[in-house]
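**Q** Supplied structure: model.txt, compact mmCIF, C-alpha atoms (C1' of nucleotides).
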# COMPACT_ATOMS: atom_id res chain seq x y z
CA MET A 1 71.74 39.81 0.03
CA THR A 2 73.96 41.61 2.53
CA VAL A 3 76.55 44.21 1.70
CA THR A 4 79.23 41.55 1.53
CA GLU A 5 77.48 40.26 -1.55
CA ALA A 6 79.58 42.78 -3.38
CA ALA A 7 81.83 39.74 -3.79
CA ALA A 8 79.57 39.01 -6.73
CA GLU A 9 78.11 35.54 -6.80
CA ARG A 10 79.04 33.57 -9.86
CA LEU A 11 76.05 33.28 -12.16
CA ILE A 12 75.29 30.12 -14.08
CA ARG A 13 73.59 29.46 -17.38
CA ILE A 14 70.50 27.46 -18.05
CA GLY A 15 72.27 24.23 -18.91
CA GLU A 16 74.04 24.15 -15.60
CA VAL A 17 70.80 24.77 -13.77
CA ALA A 18 69.13 21.96 -15.68
CA ARG A 19 71.91 19.44 -15.12
CA GLY A 20 72.21 20.45 -11.50
CA ALA A 21 68.53 19.97 -10.82
CA GLY A 22 68.12 16.94 -13.04
CA VAL A 23 65.59 18.46 -15.41
CA SER A 24 65.61 19.50 -19.05
CA VAL A 25 66.57 22.92 -20.31
CA ARG A 26 63.10 23.14 -21.78
CA ALA A 27 61.64 22.64 -18.32
CA VAL A 28 63.62 25.54 -16.88
CA ARG A 29 62.43 27.85 -19.66
CA TYR A 30 58.91 26.66 -18.99
CA TYR A 31 59.22 27.54 -15.31
CA GLU A 32 60.24 31.03 -16.24
CA GLN A 33 57.30 31.33 -18.59
CA GLN A 34 55.03 30.31 -15.72
CA GLY A 35 56.46 32.96 -13.46
CA LEU A 36 58.35 30.59 -11.20
CA LEU A 37 61.80 31.85 -12.13
CA ILE A 38 63.21 35.21 -13.08
CA ALA A 39 66.51 35.30 -14.89
CA GLU A 40 68.94 38.04 -15.55
CA ARG A 41 70.14 38.29 -19.09
CA SER A 42 73.62 38.53 -20.48
CA PRO A 43 74.25 41.25 -23.07
CA SER A 44 73.62 38.67 -25.79
CA GLY A 45 70.34 37.57 -24.23
CA GLN A 46 71.33 34.38 -22.46
CA ARG A 47 69.65 33.60 -19.18
CA LEU A 48 71.78 33.89 -16.06
CA TYR A 49 70.78 32.35 -12.76
CA ARG A 50 72.04 32.41 -9.23
CA GLN A 51 73.40 29.14 -7.98
CA ASP A 52 70.62 28.55 -5.49
CA THR A 53 68.25 28.39 -8.43
CA VAL A 54 69.21 24.74 -8.66
CA THR A 55 67.78 24.16 -5.20
CA LEU A 56 64.69 26.09 -6.13
CA VAL A 57 64.11 24.02 -9.24
CA ARG A 58 64.48 20.83 -7.24
CA PHE A 59 61.88 22.21 -4.91
CA PHE A 60 59.56 22.85 -7.83
CA GLN A 61 59.98 19.26 -8.90
CA GLN A 62 59.05 18.10 -5.46
CA MET A 63 55.92 20.22 -5.49
CA PHE A 64 54.99 19.06 -8.98
CA ALA A 65 55.38 15.49 -7.82
CA ALA A 66 53.02 16.33 -5.01
CA GLY A 67 50.43 17.48 -7.50
CA LEU A 68 50.70 21.25 -7.19
CA THR A 69 50.29 23.17 -10.42
CA SER A 70 52.77 25.79 -11.51
CA ARG A 71 50.10 28.39 -10.90
CA ARG A 72 49.71 27.31 -7.29
CA ILE A 73 53.43 27.27 -6.75
CA ALA A 74 53.68 30.76 -8.19
CA GLU A 75 50.95 31.96 -5.86
CA LEU A 76 52.76 30.50 -2.90
CA LEU A 77 56.27 31.56 -3.83
CA PRO A 78 56.21 34.64 -1.58
CA CYS A 79 55.74 32.33 1.39
CA TRP A 80 59.22 30.84 1.24
CA ASP A 81 60.76 33.89 -0.29
CA THR A 82 59.71 36.29 2.40
CA GLY A 83 58.33 33.96 5.06
CA HIS A 84 55.32 36.18 5.27
CA THR A 85 51.81 35.19 4.21
CA ASP A 86 48.30 36.56 4.17
CA ALA A 87 45.22 34.63 5.20
CA GLU A 88 44.49 33.46 1.68
CA GLN A 89 47.92 31.96 1.27
CA ARG A 90 47.73 30.20 4.61
CA ALA A 91 44.43 28.70 3.52
CA MET A 92 45.98 27.50 0.27
CA LEU A 93 48.90 25.97 2.11
CA ARG A 94 46.55 24.05 4.37
CA ALA A 95 44.38 22.98 1.47
CA GLU A 96 47.37 21.62 -0.43
CA ARG A 97 48.63 19.91 2.65
CA ASP A 98 45.30 18.20 3.22
CA ARG A 99 45.07 17.21 -0.43
CA ILE A 100 48.48 15.62 -0.33
CA GLN A 101 47.70 13.83 2.90
CA ALA A 102 44.55 12.42 1.34
CA LYS A 103 46.54 11.29 -1.64
CA VAL A 104 49.04 9.57 0.57
CA ASP A 105 46.21 7.69 2.22
CA ASP A 106 44.79 6.70 -1.16
CA LEU A 107 48.16 5.48 -2.35
CA GLN A 108 48.69 3.53 0.83
CA ALA A 109 45.34 1.83 0.35
CA ALA A 110 46.22 0.97 -3.24
CA LEU A 111 49.55 -0.33 -2.07
CA ASP A 112 47.87 -2.61 0.44
CA ARG A 113 45.61 -4.00 -2.25
CA LEU A 114 48.49 -4.68 -4.56
CA ASP A 115 50.39 -6.36 -1.76
CA GLU A 116 47.40 -8.57 -1.16
CA VAL A 117 47.40 -9.63 -4.77
CA ILE A 118 51.14 -10.18 -4.73
CA ALA A 119 50.90 -12.34 -1.65
CA ILE A 120 48.14 -14.42 -3.20
CA THR A 121 49.85 -14.88 -6.53
CA ASP A 122 53.08 -15.84 -4.80
CA THR A 123 51.53 -18.62 -2.76
CA HIS A 124 49.34 -19.57 -5.69
CA PRO A 125 51.71 -20.56 -8.53
CA MET B 1 29.60 -19.03 -11.59
CA THR B 2 28.47 -22.34 -10.18
CA VAL B 3 25.40 -24.24 -11.28
CA THR B 4 23.27 -22.45 -8.74
CA GLU B 5 23.81 -19.32 -10.76
CA ALA B 6 20.85 -20.51 -12.76
CA ALA B 7 18.99 -18.22 -10.35
CA ALA B 8 19.98 -15.52 -12.84
CA GLU B 9 21.70 -12.54 -11.36
CA ARG B 10 19.95 -9.28 -12.03
CA LEU B 11 21.83 -7.25 -14.58
CA ILE B 12 22.17 -3.50 -14.33
CA ARG B 13 22.57 -0.78 -16.90
CA ILE B 14 25.38 1.66 -17.29
CA GLY B 15 23.78 4.48 -15.32
CA GLU B 16 23.40 2.32 -12.28
CA VAL B 17 27.01 1.20 -12.51
CA ALA B 18 28.16 4.80 -12.80
CA ARG B 19 26.11 6.07 -9.89
CA GLY B 20 27.05 3.08 -7.78
CA ALA B 21 30.75 3.58 -8.35
CA GLY B 22 30.64 7.36 -8.28
CA VAL B 23 31.92 7.91 -11.79
CA SER B 24 30.42 9.24 -14.99
CA VAL B 25 28.68 7.17 -17.60
CA ARG B 26 31.32 8.34 -20.01
CA ALA B 27 33.99 6.88 -17.79
CA VAL B 28 32.37 3.46 -17.79
CA ARG B 29 32.20 3.45 -21.58
CA TYR B 30 35.80 4.49 -21.66
CA TYR B 31 36.79 1.56 -19.46
CA GLU B 32 35.10 -0.80 -21.87
CA GLN B 33 36.91 0.81 -24.78
CA GLN B 34 40.19 0.24 -22.96
CA GLY B 35 39.42 -3.41 -22.42
CA LEU B 36 38.77 -3.16 -18.70
CA LEU B 37 35.12 -4.10 -18.85
CA ILE B 38 33.09 -6.38 -21.05
CA ALA B 39 29.36 -5.87 -21.17
CA GLU B 40 26.55 -8.00 -22.39
CA ARG B 41 24.11 -6.25 -24.65
CA SER B 42 20.35 -6.11 -24.52
CA PRO B 43 18.52 -6.82 -27.77
CA SER B 44 18.34 -3.09 -28.36
CA GLY B 45 22.08 -2.69 -27.82
CA GLN B 46 22.19 -1.35 -24.29
CA ARG B 47 25.06 -2.44 -22.08
CA LEU B 48 24.23 -4.81 -19.26
CA TYR B 49 26.55 -5.38 -16.34
CA ARG B 50 26.70 -7.72 -13.40
CA GLN B 51 26.28 -6.05 -10.05
CA ASP B 52 29.84 -6.68 -8.93
CA THR B 53 30.94 -4.47 -11.81
CA VAL B 54 30.40 -1.58 -9.41
CA THR B 55 33.08 -2.96 -7.13
CA LEU B 56 35.36 -3.51 -10.08
CA VAL B 57 34.98 0.07 -11.26
CA ARG B 58 35.76 1.35 -7.79
CA PHE B 59 38.88 -0.74 -7.91
CA PHE B 60 39.82 0.81 -11.24
CA GLN B 61 39.47 4.23 -9.68
CA GLN B 62 41.76 3.23 -6.88
CA MET B 63 44.38 2.01 -9.33
CA PHE B 64 44.05 5.15 -11.44
CA ALA B 65 44.56 7.22 -8.34
CA ALA B 66 47.70 5.20 -7.73
CA GLY B 67 48.99 6.14 -11.13
CA LEU B 68 48.40 2.94 -13.07
CA THR B 69 47.32 3.40 -16.67
CA SER B 70 44.33 1.62 -18.10
CA ARG B 71 46.72 -0.42 -20.20
CA ARG B 72 48.55 -1.68 -17.13
CA ILE B 73 45.35 -2.49 -15.36
CA ALA B 74 44.17 -4.41 -18.38
CA GLU B 75 47.40 -6.37 -18.45
CA LEU B 76 47.03 -7.25 -14.80
CA LEU B 77 43.33 -8.02 -14.82
CA PRO B 78 43.88 -11.78 -15.09
CA CYS B 79 45.68 -11.64 -11.75
CA TRP B 80 42.61 -10.90 -9.70
CA ASP B 81 40.26 -12.62 -12.06
CA THR B 82 41.95 -15.98 -11.96
CA GLY B 83 44.48 -15.53 -9.16
CA HIS B 84 47.07 -16.99 -11.48
CA THR B 85 49.99 -15.07 -12.93
CA ASP B 86 53.01 -15.63 -15.08
CA ALA B 87 56.48 -14.30 -14.34
CA GLU B 88 55.96 -11.17 -16.41
CA GLN B 89 52.84 -10.21 -14.53
CA ARG B 90 54.48 -10.77 -11.18
CA ALA B 91 57.29 -8.49 -12.27
CA MET B 92 54.79 -5.82 -13.29
CA LEU B 93 53.00 -6.12 -9.98
CA ARG B 94 56.24 -5.63 -8.11
CA ALA B 95 57.26 -2.73 -10.34
CA GLU B 96 53.98 -0.95 -9.76
CA ARG B 97 54.18 -1.62 -6.07
CA ASP B 98 57.66 -0.13 -5.90
CA ARG B 99 56.62 2.85 -7.99
CA ILE B 100 53.72 3.58 -5.69
CA GLN B 101 55.89 3.17 -2.63
CA ALA B 102 58.39 5.64 -4.06
CA LYS B 103 55.57 8.05 -4.77
CA VAL B 104 54.33 7.75 -1.21
CA ASP B 105 57.80 8.62 0.02
CA ASP B 106 57.97 11.60 -2.32
CA LEU B 107 54.59 12.84 -1.18
CA GLN B 108 55.55 12.41 2.43
CA ALA B 109 58.68 14.47 1.88
CA ALA B 110 56.65 17.18 0.15
CA LEU B 111 54.20 17.09 3.02
CA ASP B 112 56.98 17.60 5.51
CA ARG B 113 58.27 20.59 3.59
CA LEU B 114 54.84 22.15 3.43
CA ASP B 115 54.37 21.57 7.13
CA GLU B 116 57.66 23.33 7.75
CA VAL B 117 56.46 26.34 5.81
CA ILE B 118 53.12 26.29 7.56
CA ALA B 119 54.78 26.19 10.93
CA ILE B 120 57.03 29.09 10.04
CA THR B 121 54.28 31.24 8.58
CA ASP B 122 52.09 30.56 11.60
CA THR B 123 54.65 31.74 14.12
CA HIS B 124 55.71 34.51 11.77
CA PRO B 125 52.61 36.69 11.23
C1' DC C 1 0.39 8.81 -27.38
C1' DT C 2 3.63 11.58 -25.61
C1' DT C 3 6.59 13.25 -22.25
C1' DG C 4 10.81 12.73 -20.14
C1' DC C 5 14.67 10.18 -18.80
C1' DC C 6 18.12 6.75 -20.20
C1' DT C 7 21.01 4.93 -23.58
C1' DC C 8 23.61 4.63 -28.04
C1' DT C 9 27.71 5.89 -31.39
C1' DG C 10 31.05 8.96 -33.03
C1' DA C 11 34.10 12.71 -32.58
C1' DC C 12 36.24 16.90 -30.98
C1' DG C 13 38.01 19.44 -26.67
C1' DC C 14 40.82 19.97 -22.53
C1' DC C 15 44.75 20.46 -19.40
C1' DA C 16 49.62 20.49 -17.81
C1' DG C 17 54.23 19.69 -18.18
C1' DC C 18 56.99 19.36 -20.90
C1' DG C 19 59.37 16.97 -25.89
C1' DT C 20 60.79 18.20 -30.13
C1' DC C 21 61.74 20.29 -34.51
C1' DA C 22 63.16 24.66 -37.10
C1' DG C 23 66.27 28.10 -37.95
C1' DG C 24 69.33 31.25 -36.11
C1' DT C 25 73.12 33.42 -32.69
C1' DT C 26 76.82 32.79 -29.10
C1' DT C 27 80.29 30.77 -26.46
C1' DT C 28 83.99 27.68 -25.88
C1' DA C 29 87.67 24.19 -27.01
C1' DG C 30 91.48 23.08 -29.83
C1' DC D 1 90.02 30.44 -37.09
C1' DT D 2 86.84 26.87 -37.01
C1' DA D 3 83.93 23.37 -35.45
C1' DA D 4 81.28 21.78 -31.78
C1' DA D 5 78.45 22.66 -28.08
C1' DA D 6 75.31 25.56 -25.87
C1' DC D 7 71.91 29.04 -26.13
C1' DC D 8 67.92 31.73 -28.22
C1' DT D 9 62.70 32.29 -29.82
C1' DG D 10 58.59 30.50 -31.55
C1' DA D 11 55.36 26.96 -32.28
C1' DC D 12 53.34 22.44 -32.82
C1' DG D 13 52.92 17.61 -30.63
C1' DC D 14 52.01 14.29 -27.07
C1' DT D 15 49.72 11.73 -23.23
C1' DG D 16 45.47 10.04 -20.55
C1' DG D 17 41.27 10.14 -18.55
C1' DC D 18 37.77 11.69 -19.29
C1' DG D 19 33.93 16.21 -20.54
C1' DT D 20 30.91 17.52 -23.79
C1' DC D 21 28.19 18.29 -27.80
C1' DA D 22 25.42 16.21 -31.78
C1' DG D 23 21.96 13.48 -33.48
C1' DA D 24 19.19 9.40 -32.86
C1' DG D 25 16.93 5.44 -30.66
C1' DG D 26 14.71 2.93 -26.36
C1' DC D 27 11.35 2.46 -22.38
C1' DA D 28 8.22 3.08 -18.22
C1' DA D 29 4.40 6.31 -16.57
C1' DG D 30 0.39 8.95 -16.98
Turn the structure described in the file into structure tokens.
**A**
Amino acid sequence: MTVTEAAAERLIRIGEVARGAGVSVRAVRYYEQQGLLIAERSPSGQRLYRQDTVTLVRFFQQMFAAGLTSRRIAELLPCWDTGHTDAEQRAMLRAERDRIQAKVDDLQAALDRLDEVIAITDTHP
Amino acid sequence: MTVTEAAAERLIRIGEVARGAGVSVRAVRYYEQQGLLIAERSPSGQRLYRQDTVTLVRFFQQMFAAGLTSRRIAELLPCWDTGHTDAEQRAMLRAERDRIQAKVDDLQAALDRLDEVIAITDTHP
DNA sequence: CTTGCCTCTGACGCCAGCGTCAGGTTTTAG
DNA sequence: CTAAAACCTGACGCTGGCGTCAGAGGCAAG
């Protein structure tokens, strides 16, 4: 990103990204298709990624686990790329946050109910 | 369920169950198909449910929201019907509990990351 | 009687995040 | 040089909890 980057960063191929992030190669291709990743190409057509792509993919997984769609993630990508957002994006961020918080509450309630049942069935052989 | 039940409980039809639990009629039929509900039938073939079915359906929704499949719920139904469980069921209960707990942790982590971004983008117009 | 709402049984559709197979090229290890 | 491993581009399949349409019967009110 700075001028010192002239010390060209070593690029990695898709398999290394996948192993590094703990996902399948297919998944990484899918992310590209959804506009989440952009890859350079080697002369023969193989995808080449920067090393921090691994971190990015892990982040995608985290967001997927939180219920965001790839579309939403793509729409919000500029936020952590540039740190800048417009009003619409801020609204989306808040909406997702609230949705996740609600889901956490739901899960916690479900957890409590299961724990009830477990407690009962343990004392009730 | 006791003898006093002779004062026959009023049975309700599928629409009332659906409205009461806040789900679609289609969903209630689906639950029956998956073995989660058993309905009596009127002479003309209409499904008739006990009133507490509404509560049961709400419970299903809670478990679905927690990521349990209808199959799992069906396998665990005896637990809260009879209060009795075998070793296998107890193991499943614990497994689901742990899975949900892990999911809560994941969601919480995602929430924290989103909050980070929100904080940054708020101070960074 | 008929109007209008509720219910019935199939059965196909949908979405999202991949899995997986096919058939071919490229890179790497020995 | 060769074989294995890794990569490529399509393109169809899968899962689960329903939505939805089709076509037909049931039931209280006016």
**Q** Return as JSON lines the residues of chain B lying at most 10 Å from chain D, together with the closest atom-to-atom pair for each and the distance in Å to one decimal, counting only C-alpha atoms (C1' of nucleotides), with rows in chain order and ascending residue number.
**A**
{"residue": "B:Ser24", "atom": "CA", "partner": "D:DC18", "partner_atom": "C1'", "distance": 8.9}
{"residue": "B:Arg26", "atom": "CA", "partner": "D:DC18", "partner_atom": "C1'", "distance": 7.3}
{"residue": "B:Ala27", "atom": "CA", "partner": "D:DC18", "partner_atom": "C1'", "distance": 6.3}
{"residue": "B:Val28", "atom": "CA", "partner": "D:DC18", "partner_atom": "C1'", "distance": 10.0}
{"residue": "B:Tyr30", "atom": "CA", "partner": "D:DC18", "partner_atom": "C1'", "distance": 7.8}
{"residue": "B:Tyr31", "atom": "CA", "partner": "D:DG17", "partner_atom": "C1'", "distance": 9.7}
{"residue": "B:Ser44", "atom": "CA", "partner": "D:DG26", "partner_atom": "C1'", "distance": 7.3}
{"residue": "B:Gly45", "atom": "CA", "partner": "D:DG26", "partner_atom": "C1'", "distance": 9.4}
{"residue": "B:Gln46", "atom": "CA", "partner": "D:DG26", "partner_atom": "C1'", "distance": 8.9}
{"residue": "B:Phe64", "atom": "CA", "partner": "D:DG17", "partner_atom": "C1'", "distance": 9.1}
{"residue": "B:Thr69", "atom": "CA", "partner": "D:DG16", "partner_atom": "C1'", "distance": 7.9}
{"residue": "B:Ser70", "atom": "CA", "partner": "D:DG16", "partner_atom": "C1'", "distance": 8.8}
**Q** At a cut-off of 9 Å, list the chain B residues touching chain A, using only C-alpha atoms, as a PDB file with C-alpha atoms, in the frame of the given file.
**A**
ATOM      1  CA  PHE B  59      38.880  -0.740  -7.910  1.00  0.00           C
ATOM      2  CA  GLN B  62      41.760   3.230  -6.880  1.00  0.00           C
ATOM      3  CA  MET B  63      44.380   2.010  -9.330  1.00  0.00           C
ATOM      4  CA  ALA B  65      44.560   7.220  -8.340  1.00  0.00           C
ATOM      5  CA  ALA B  66      47.700   5.200  -7.730  1.00  0.00           C
ATOM      6  CA  GLY B  67      48.990   6.140 -11.130  1.00  0.00           C
ATOM      7  CA  CYS B  79      45.680 -11.640 -11.750  1.00  0.00           C
ATOM      8  CA  TRP B  80      42.610 -10.900  -9.700  1.00  0.00           C
ATOM      9  CA  GLY B  83      44.480 -15.530  -9.160  1.00  0.00           C
ATOM     10  CA  HIS B  84      47.070 -16.990 -11.480  1.00  0.00           C
ATOM     11  CA  THR B  85      49.990 -15.070 -12.930  1.00  0.00           C
ATOM     12  CA  ASP B  86      53.010 -15.630 -15.080  1.00  0.00           C
ATOM     13  CA  ARG B  90      54.480 -10.770 -11.180  1.00  0.00           C
ATOM     14  CA  LEU B  93      53.000  -6.120  -9.980  1.00  0.00           C
ATOM     15  CA  ARG B  94      56.240  -5.630  -8.110  1.00  0.00           C
ATOM     16  CA  GLU B  96      53.980  -0.950  -9.760  1.00  0.00           C
ATOM     17  CA  ARG B  97      54.180  -1.620  -6.070  1.00  0.00           C
ATOM     18  CA  ASP B  98      57.660  -0.130  -5.900  1.00  0.00           C
ATOM     19  CA  ILE B 100      53.720   3.580  -5.690  1.00  0.00           C
ATOM     20  CA  GLN B 101      55.890   3.170  -2.630  1.00  0.00           C
ATOM     21  CA  LYS B 103      55.570   8.050  -4.770  1.00  0.00           C
ATOM     22  CA  VAL B 104      54.330   7.750  -1.210  1.00  0.00           C
ATOM     23  CA  ASP B 105      57.800   8.620   0.020  1.00  0.00           C
ATOM     24  CA  ASP B 106      57.970  11.600  -2.320  1.00  0.00           C
ATOM     25  CA  LEU B 107      54.590  12.840  -1.180  1.00  0.00           C
ATOM     26  CA  GLN B 108      55.550  12.410   2.430  1.00  0.00           C
ATOM     27  CA  ALA B 109      58.680  14.470   1.880  1.00  0.00           C
ATOM     28  CA  ALA B 110      56.650  17.180   0.150  1.00  0.00           C
ATOM     29  CA  LEU B 111      54.200  17.090   3.020  1.00  0.00           C
ATOM     30  CA  LEU B 114      54.840  22.150   3.430  1.00  0.00           C
ATOM     31  CA  ASP B 115      54.370  21.570   7.130  1.00  0.00           C
ATOM     32  CA  VAL B 117      56.460  26.340   5.810  1.00  0.00           C
ATOM     33  CA  ILE B 118      53.120  26.290   7.560  1.00  0.00           C
ATOM     34  CA  ILE B 120      57.030  29.090  10.040  1.00  0.00           C
ATOM     35  CA  THR B 121      54.280  31.240   8.580  1.00  0.00           C
ATOM     36  CA  ASP B 122      52.090  30.560  11.600  1.00  0.00           C
ATOM     37  CA  HIS B 124      55.710  34.510  11.770  1.00  0.00           C
ATOM     38  CA  PRO B 125      52.610  36.690  11.230  1.00  0.00           C
TER      39      PRO B 125
END
**Q** State, in Å with one decimal place, the distance from CA of Val23 (chain A) to CA of Arg71 (chain A).
**A** 18.9 Å
**Q** I want to know what sits within 12 Å of Tyr49 (chain A), based on only C-alpha atoms (C1' of nucleotides), with residues of the same chain fewer than 2 positions away left out; could you give that as an MDAnalysis selection string?
**A** chainID A and resid 9:18 28:29 32 37:42 46:47 51:57
**Q** Now that the selection is made, can you save its residues with C-alpha atoms as a PDB file, in the coordinates of the input?
**A**
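result13.pdb, freshly written:
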ATOM      1  CA  GLU A   9      78.110  35.540  -6.800  1.00  0.00           C
ATOM      2  CA  ARG A  10      79.040  33.570  -9.860  1.00  0.00           C
ATOM      3  CA  LEU A  11      76.050  33.280 -12.160  1.00  0.00           C
ATOM      4  CA  ILE A  12      75.290  30.120 -14.080  1.00  0.00           C
ATOM      5  CA  ARG A  13      73.590  29.460 -17.380  1.00  0.00           C
ATOM      6  CA  ILE A  14      70.500  27.460 -18.050  1.00  0.00           C
ATOM      7  CA  GLY A  15      72.270  24.230 -18.910  1.00  0.00           C
ATOM      8  CA  GLU A  16      74.040  24.150 -15.600  1.00  0.00           C
ATOM      9  CA  VAL A  17      70.800  24.770 -13.770  1.00  0.00           C
ATOM     10  CA  ALA A  18      69.130  21.960 -15.680  1.00  0.00           C
ATOM     11  CA  VAL A  28      63.620  25.540 -16.880  1.00  0.00           C
ATOM     12  CA  ARG A  29      62.430  27.850 -19.660  1.00  0.00           C
ATOM     13  CA  GLU A  32      60.240  31.030 -16.240  1.00  0.00           C
ATOM     14  CA  LEU A  37      61.800  31.850 -12.130  1.00  0.00           C
ATOM     15  CA  ILE A  38      63.210  35.210 -13.080  1.00  0.00           C
ATOM     16  CA  ALA A  39      66.510  35.300 -14.890  1.00  0.00           C
ATOM     17  CA  GLU A  40      68.940  38.040 -15.550  1.00  0.00           C
ATOM     18  CA  ARG A  41      70.140  38.290 -19.090  1.00  0.00           C
ATOM     19  CA  SER A  42      73.620  38.530 -20.480  1.00  0.00           C
ATOM     20  CA  GLN A  46      71.330  34.380 -22.460  1.00  0.00           C
ATOM     21  CA  ARG A  47      69.650  33.600 -19.180  1.00  0.00           C
ATOM     22  CA  GLN A  51      73.400  29.140  -7.980  1.00  0.00           C
ATOM     23  CA  ASP A  52      70.620  28.550  -5.490  1.00  0.00           C
ATOM     24  CA  THR A  53      68.250  28.390  -8.430  1.00  0.00           C
ATOM     25  CA  VAL A  54      69.210  24.740  -8.660  1.00  0.00           C
ATOM     26  CA  THR A  55      67.780  24.160  -5.200  1.00  0.00           C
ATOM     27  CA  LEU A  56      64.690  26.090  -6.130  1.00  0.00           C
ATOM     28  CA  VAL A  57      64.110  24.020  -9.240  1.00  0.00           C
TER      29      VAL A  57
END
**Q** What residues in chain C have any atom no more than 10 Å from chain A when counting all atoms listed in the file, and can you write them as a ChimeraX atom specification?
**A** /C:16-20,25-26
**Q** Looking at only C-alpha atoms, which of A:Ala119, A:Gly35, A:Ala21, A:Ala95 is the one that sits closest to Leu68 (chain A)?
**A**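 When distances to Leu68 (chain A) are compared using only C-alpha atoms, the smallest one comes from A:Ala95.
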**Q** For C1' of DC5 (chain C) and CA of Leu48 (chain B), quote the distance in Å rounded to one decimal.
**A**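 Separation between C1' of DC5 (chain C) and CA of Leu48 (chain B): 17.8 Å.
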